[in-house]
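**Q** Got a structure for you, questions after.
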Amino acid sequence: MHVRAVAVPMLLALLAGPSAGADNKGKKPTLALRGTPRFSFSPVSVLFTAELTGGDDLEDFYCPELTWEWDDGGKSVQEGDCPPFESGKTKIERRFTANHVYGRAAIYSVKVTLRRTGKTFASQTAQITVRPGAGDRTDVQDP
């Protein structure tokens, strides 16, 4: 009988898998970035949306600092002012937006980077094409 009492918990642990009872950090969300419109004429105001999809509401993704690199020499930083994270209760923000105006024709690769406590945990790049509008004499070559 003693052998059976030891064997059952061992069997249950084997059936549950290697992560059973271990510190489970959860599944990380993925970051997507898009600009609207993706193609336009200068000057144009583009709305960029960075979105975390899937995954769990992990503390690492809570209240991030966002750095937007506009690929025209400009950069913007957004910082959150958030209450303390409560595991199992706090929901992470999953959608972030920013507007940027492009006055010259070019093909721009815009990058957004999410950081928390100085650590980068996600970044993504989106490309938009701006063609010369009225009064813009910029020559844009297709890649």
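Just so we're on the same page: first chain in the structure tokens is A, next is B, and so on; residues restart at 1 for each chain, and ligands are numbered from 1 in the order they show up.
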Using only C-alpha atoms, determine which residues lie at most 12 Å from segment 82-98 of chain A, disregarding the query and same-chain residues fewer than 3 positions distant; provide the list as an MDAnalysis selection string.
**A** chainID A and resid 25:26 28:36 45:70 75:79 101 110:114
**Q** Just to be explicit: take each residue in the selection above, keep C-alpha atoms, and write the result as a short mmCIF file (atom, residue, chain, number, x, y, z; two decimals), in the first residue's frame.
**A**
```cif
data_model
loop_
_atom_site.label_atom_id
_atom_site.label_comp_id
_atom_site.auth_asym_id
_atom_site.auth_seq_id
_atom_site.Cartn_x
_atom_site.Cartn_y
_atom_site.Cartn_z
CA LYS A 25 4.52 33.17 -16.70
CA GLY A 26 1.63 33.01 -19.18
CA LYS A 28 2.90 36.82 -24.27
CA PRO A 29 0.78 38.99 -26.57
CA THR A 30 2.10 39.91 -30.03
CA LEU A 31 2.39 43.45 -31.35
CA ALA A 32 0.96 44.61 -34.68
CA LEU A 33 1.34 48.08 -36.21
CA ARG A 34 -0.58 49.72 -39.04
CA GLY A 35 -0.83 53.18 -40.53
CA THR A 36 -3.98 54.64 -42.11
CA SER A 45 -1.92 63.08 -41.46
CA VAL A 46 -1.46 59.37 -40.78
CA LEU A 47 -3.11 57.56 -37.85
CA PHE A 48 -0.89 54.78 -36.51
CA THR A 49 -2.36 52.01 -34.39
CA ALA A 50 -0.21 49.62 -32.35
CA GLU A 51 -2.18 46.68 -31.02
CA LEU A 52 -1.31 43.81 -28.69
CA THR A 53 -3.22 40.67 -29.68
CA GLY A 54 -3.59 37.29 -28.00
CA GLY A 55 -1.72 36.30 -24.92
CA ASP A 56 -2.46 36.94 -21.28
CA ASP A 57 -2.65 40.18 -19.28
CA LEU A 58 0.97 40.03 -18.10
CA GLU A 59 2.56 42.63 -15.83
CA ASP A 60 5.47 43.01 -18.28
CA PHE A 61 3.00 44.51 -20.80
CA TYR A 62 1.21 46.77 -18.30
CA CYS A 63 1.47 50.55 -18.61
CA PRO A 64 4.28 50.65 -21.18
CA GLU A 65 6.25 53.60 -22.49
CA LEU A 66 5.84 53.88 -26.27
CA THR A 67 8.50 55.37 -28.52
CA TRP A 68 7.38 56.26 -32.05
CA GLU A 69 10.15 56.73 -34.63
CA TRP A 70 8.58 58.50 -37.62
CA LYS A 75 10.44 60.86 -32.57
CA SER A 76 7.64 60.87 -29.97
CA VAL A 77 7.39 59.24 -26.54
CA GLN A 78 4.14 58.37 -24.75
CA GLU A 79 4.25 57.48 -21.06
CA VAL A 101 1.87 64.56 -40.37
CA VAL A 110 7.64 53.85 -38.88
CA LYS A 111 8.71 51.95 -35.77
CA VAL A 112 6.97 51.70 -32.41
CA THR A 113 8.78 50.28 -29.38
CA LEU A 114 7.12 49.29 -26.09
#
```
**Q** Tell me, in Å to one decimal, how far atom CA of Gly118 of chain A is from atom CA of Asn99 of chain A.
**A**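 About the pair atom CA of Gly118 of chain A and atom CA of Asn99 of chain A: they are 24.3 Å apart.
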**Q** Run DSSP on the backbone and grab whatever in segment 20-137 of chain A lands in strand (DSSP E); send it over as a ChimeraX atom specification.
**A** /A:30-36,39-41,44-53,65-69,75-78,95-102,106-116,119-131
**Q** Considering only alpha helix (DSSP H) as DSSP defines it on the backbone, what residues of segment 6-132 of chain A qualify? List them as a PyMOL selection string.
**A** chain A and resi 6-16
**Q** Please, what distance in Å, to one decimal, runs between atom CA of Arg104 of chain A and atom CA of Ser42 of chain A?
**A**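 Going from atom CA of Arg104 of chain A over to atom CA of Ser42 of chain A covers 5.7 Å.
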**Q** Using Å and a single decimal, report how far atom CA of Arg116 of chain A sits from atom CA of Asp71 of chain A.
**A**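 Separation between atom CA of Asp71 of chain A and atom CA of Arg116 of chain A: 22.9 Å.
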**Q** From the set A:His100, A:Lys27, A:Arg137, A:Arg115, which residue has the shortest atom-to-atom contact distance to Val44 of chain A, counting only C-alpha atoms?
**A**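 Between A:His100, A:Lys27, A:Arg137, A:Arg115, the residue approaching Val44 of chain A most closely is A:His100.
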